[in-house]
Amino acid sequence: MTMLQNTPAQLTGFPMVDEDPEQHRFRVHRDAMTSPEVFRAEIERIFHRCWLYVGHESEVAKPGDYVRRPLGNRPVFMVRGVKTGQVHVFHNTCTHRGAVVCRQKSGNAKVFQCFYHAWTFDSEGKLSGMPGREAYGDKLDFGALGLKSVARVASYRGFVFACFDPDVEPLVDYLAGAREYLDLIVDSADGEMEIVSGTNEYCIDANWKLLAENSYDGYHALPTHDTYFKYLVALGTDLSGGVAGTVRDLGNGHAVLEYAAPWGRPIAKWEPLFGEGARDEIATLRAALVQRHGEARASRMTDTNRNMVIFPNLVVNDIMAVTVRTFMPSAPDKMDVTAWQLAPAGELPQLRQRRLDSFLTFLGPAGFATPDDVEALESCQQGFNSGGVQWNDISRGMAREPQGDDEAQMRAFWRRWQQRMGEAGYQEAGR
Ligand code: FES
Ligand code: FE
């Protein structure tokens with residue numbers, strides 16, 4: 001793909017985010033979405049310094065379970081140690097001469113044997129064997145040749161994060177206000193949630209930040225997803241309440257859009273799509289939630305949606321199903337997206353089925369939403385290449401108390417982005 005004709009950004013001191021509250025102006029320079037220099041600096045300053053979501057503890061439920069993941073464009077793998085039961089996240093590179101040690105996407109193993117010269121590491125990362133050990137004599141420090149853990153690994157309510165920066169703040173502080181929203185999801189399932197096996201993986205020819213924006217963009221819902229809303233109405237869903245709601249800046253670049261659910265929610269909100277037979281079942285679920293959490297919190301759990309972005313690249317959308325989604329840039333105009341479905345562990349099969357149907361109907365790669373969103377994002381990226389316009393406008397709602405279809409949540413993201421990137425600074429050449 002050709003890059004836009006704009007002058008590329010250079011590492012100096014230029015703010016790509018231009019904010020003037022008095023003038024209700026908030027603009028983001030399109031170089032932020034197209035420049036290779038920005039992309040390289042983002043990997044270093046954001047993806048290598050922020051806490052990044054690796055996976056969910058339920059994916060490595062048993063000792064020896066592992067999953068291979070890209071983390072900030074680096075191969076890592078998460079494994080539950082057989083001896084300690086602890087969840088490790090290791091750099092996926094052999095300490096001998098570099099080969100990737102964990103080559104399967106997921107599985108269960110007591111040991112990981114490098115295929116190149118067959119050095120073997122146990123599930124706690126310790127070097128446990130090699131062919132022809134006597135050739136090394138007795139001076140080599142075998143203890144120091146274990147797999148290297150990513151600098152910081154921590155978990156919150158089952159969500160495992162890692163960070164390459166040893167000096168990063170503790171995860172609980174980093175998550176800031178986002179914790180309350182993760183709590184709400186996990187508490188609604190009595191604390192036991194699991195990733196449903198199987199993932200959605202797809203690429204989008206657009207800058208990764210466009211998907212962060214899109215994930216909690218209430219403004220686009222009605223025009224972009226018109227077909228889905230018509231489909232719901234045809235099924236008898238009442239959409240007269242719209243999708244209006246509120247947005248909250250959760251600190252550290254995280255933000256959430258919360259709004260009344262116009263559709264059903266498998267946790268306990270019935271809709272025609274679920275079928276008449278499910279009405280009683282859903283009513284029972286709802287009554288149990290009210291009993292456990294009180295009417296107000298139970299109503300929030302059942303009747304409202306939340307679209308949340310945890311900076312920089314974790315989306316947890318608690319809507320007609322709970323989707324966990326990450327996206328990694330592979331180029332300024334390309335990203336790899338992975339999405340999982342999170343559900344209460346031990347859920348009844350018919351409820352699980354309903355949840356999966358809801359998930360795929362709207363959020364699946366061939367659902368009502370995702371292809372529309374992908375098209376919109378790729379269209380924006382193509383539009384950037386047209387040149388002539390240098391700034392994106394993200395000021396909606398600055399002139400009023402921001403509502404659910406405003407852009408305050410994106411402004412929270414971009415301020416943090418600028419802060420991270422601006423630590424060393426940027427300047428557009430020749431300005
Ligand atoms: Fe792994 Fe040689 S590179 S054993
Ligand atoms: Fe959308």
# chains A, B, ... in the order shown; residues from 1 in each chain; ligands from 1

$ closest_atom_pairs --of "chain A" --to "ligand 1" --cutoff "8 Å" --atoms "only C-alpha atoms and all ligand atoms" --output "CSV"
residue,atom,partner,partner_atom_place_in_ligand_line,distance
A:Thr93,CA,ligand 1,1 (Fe),7.7
A:Cys94,CA,ligand 1,1 (Fe),4.6
A:Thr95,CA,ligand 1,1 (Fe),6.7
A:His96,CA,ligand 1,3 (S),4.7
A:Arg97,CA,ligand 1,3 (S),3.9
A:Gly98,CA,ligand 1,3 (S),4.8
A:Ala99,CA,ligand 1,3 (S),4.6
A:Val100,CA,ligand 1,1 (Fe),7.5
A:Val101,CA,ligand 1,1 (Fe),6.9
A:Gln113,CA,ligand 1,4 (S),7.8
A:Cys114,CA,ligand 1,1 (Fe),4.6
A:Phe115,CA,ligand 1,1 (Fe),6.5
A:Tyr116,CA,ligand 1,2 (Fe),4.9
A:His117,CA,ligand 1,4 (S),3.7
A:Ala118,CA,ligand 1,4 (S),4.7
A:Trp119,CA,ligand 1,4 (S),4.3
A:Thr120,CA,ligand 1,4 (S),7.6
A:Met130,CA,ligand 1,4 (S),7.6

$ residues_near_ligand --ligand "ligand 2" --cutoff "10 Å" --atoms "only C-alpha atoms and all ligand atoms" --output "ChimeraX atom specification"
/A:211,213-225,362-363,368-374,376-377

$ residues_around --residues "A:Gly245" --least-positions-apart "6" --cutoff "9 Å" --atoms "only C-alpha atoms" --output "list in words"
Gly218, Leu257, Glu258, Tyr259, Ala260, Gln403, Gly404 and Asp405 of chain A

$ select_by_dssp --residues "stretch 138-334 of chain A" --states "alpha helix (DSSP H)" --output "VMD selection string"
chain A and resid 171 to 175 178 to 188 208 to 215 221 to 224 226 to 235 279 to 303

$ residues_around --residues "stretch 164-174 of chain A" --least-positions-apart "4" --cutoff "7 Å" --atoms "only C-alpha atoms" --output "PyMOL selection string"
chain A and resi 48-49+150-152+154+252

$ closest_residue --among "A:Val76, A:Gln104, A:Ile319, A:Leu285" --to "A:Leu351" --atoms "only C-alpha atoms"
A:Leu285

$ closest_residue --among "A:Leu314, A:Ala321, A:Ser395, A:Ser35" --to "A:Leu360" --atoms "only C-alpha atoms"
A:Ala321

$ residues_around --residues "A:Arg286" --least-positions-apart "3" --cutoff "9 Å" --atoms "only C-alpha atoms" --output "number ranges by chain"
A: 267-269, 281-283, 289-291, 298-299, 302

$ atom_distance --atom1 "atom CA of A:Asp122" --atom2 "atom CA of A:Lys139"
21.8 Å

$ residues_around --residues "A:Phe39" --least-positions-apart "6" --cutoff "9 Å" --atoms "only C-alpha atoms" --output "list in words"
Ala32, Met33, Pro329, Ser330, Ala331 and Pro332 of chain A

$ write_last_selection --atoms "all heavy atoms" --output "mmCIF file, in the first residue's frame"
data_model
loop_
_atom_site.group_PDB
_atom_site.id
_atom_site.type_symbol
_atom_site.label_atom_id
_atom_site.label_comp_id
_atom_site.auth_asym_id
_atom_site.auth_seq_id
_atom_site.Cartn_x
_atom_site.Cartn_y
_atom_site.Cartn_z
ATOM 1 N N ALA A 32 -0.329 10.102 12.501
ATOM 2 C CA ALA A 32 -0.377 9.131 13.600
ATOM 3 C C ALA A 32 -0.877 7.779 13.114
ATOM 4 O O ALA A 32 -0.629 6.751 13.746
ATOM 5 C CB ALA A 32 -1.276 9.649 14.727
ATOM 6 N N MET A 33 -1.597 7.777 12.000
ATOM 7 C CA MET A 33 -2.143 6.520 11.461
ATOM 8 C C MET A 33 -1.370 5.992 10.262
ATOM 9 O O MET A 33 -1.647 4.895 9.785
ATOM 10 C CB MET A 33 -3.600 6.728 11.015
ATOM 11 C CG MET A 33 -4.636 6.365 12.040
ATOM 12 S SD MET A 33 -4.704 7.490 13.431
ATOM 13 C CE MET A 33 -5.408 8.946 12.692
ATOM 14 N N PRO A 329 -0.514 -4.074 15.799
ATOM 15 C CA PRO A 329 -0.131 -3.568 14.477
ATOM 16 C C PRO A 329 1.022 -4.378 13.913
ATOM 17 O O PRO A 329 1.951 -4.747 14.642
ATOM 18 C CB PRO A 329 0.319 -2.134 14.780
ATOM 19 C CG PRO A 329 0.748 -2.133 16.207
ATOM 20 C CD PRO A 329 -0.068 -3.185 16.904
ATOM 21 N N SER A 330 0.964 -4.691 12.622
ATOM 22 C CA SER A 330 2.124 -5.307 11.972
ATOM 23 C C SER A 330 2.748 -4.322 10.990
ATOM 24 O O SER A 330 3.815 -4.567 10.454
ATOM 25 C CB SER A 330 1.706 -6.589 11.249
ATOM 26 O OG SER A 330 0.659 -6.319 10.352
ATOM 27 N N ALA A 331 2.075 -3.225 10.752
ATOM 28 C CA ALA A 331 2.561 -2.133 9.898
ATOM 29 C C ALA A 331 1.680 -0.929 10.229
ATOM 30 O O ALA A 331 0.660 -1.084 10.914
ATOM 31 C CB ALA A 331 2.414 -2.517 8.423
ATOM 32 N N PRO A 332 2.030 0.263 9.755
ATOM 33 C CA PRO A 332 1.175 1.413 10.073
ATOM 34 C C PRO A 332 -0.266 1.211 9.606
ATOM 35 O O PRO A 332 -1.197 1.726 10.226
ATOM 36 C CB PRO A 332 1.839 2.570 9.302
ATOM 37 C CG PRO A 332 3.251 2.156 9.113
ATOM 38 C CD PRO A 332 3.247 0.664 9.002
#

$ closest_atom_pairs --of "stretch 6-81 of chain A" --to "stretch 304-310 of chain A" --cutoff "12 Å" --atoms "only C-alpha atoms" --output "JSON lines"
{"residue": "A:Cys50", "atom": "CA", "partner": "A:Ile310", "partner_atom": "CA", "distance": 10.5}
{"residue": "A:Trp51", "atom": "CA", "partner": "A:Ile310", "partner_atom": "CA", "distance": 9.6}
{"residue": "A:Leu52", "atom": "CA", "partner": "A:Ile310", "partner_atom": "CA", "distance": 9.0}
{"residue": "A:Tyr53", "atom": "CA", "partner": "A:Ile310", "partner_atom": "CA", "distance": 9.1}
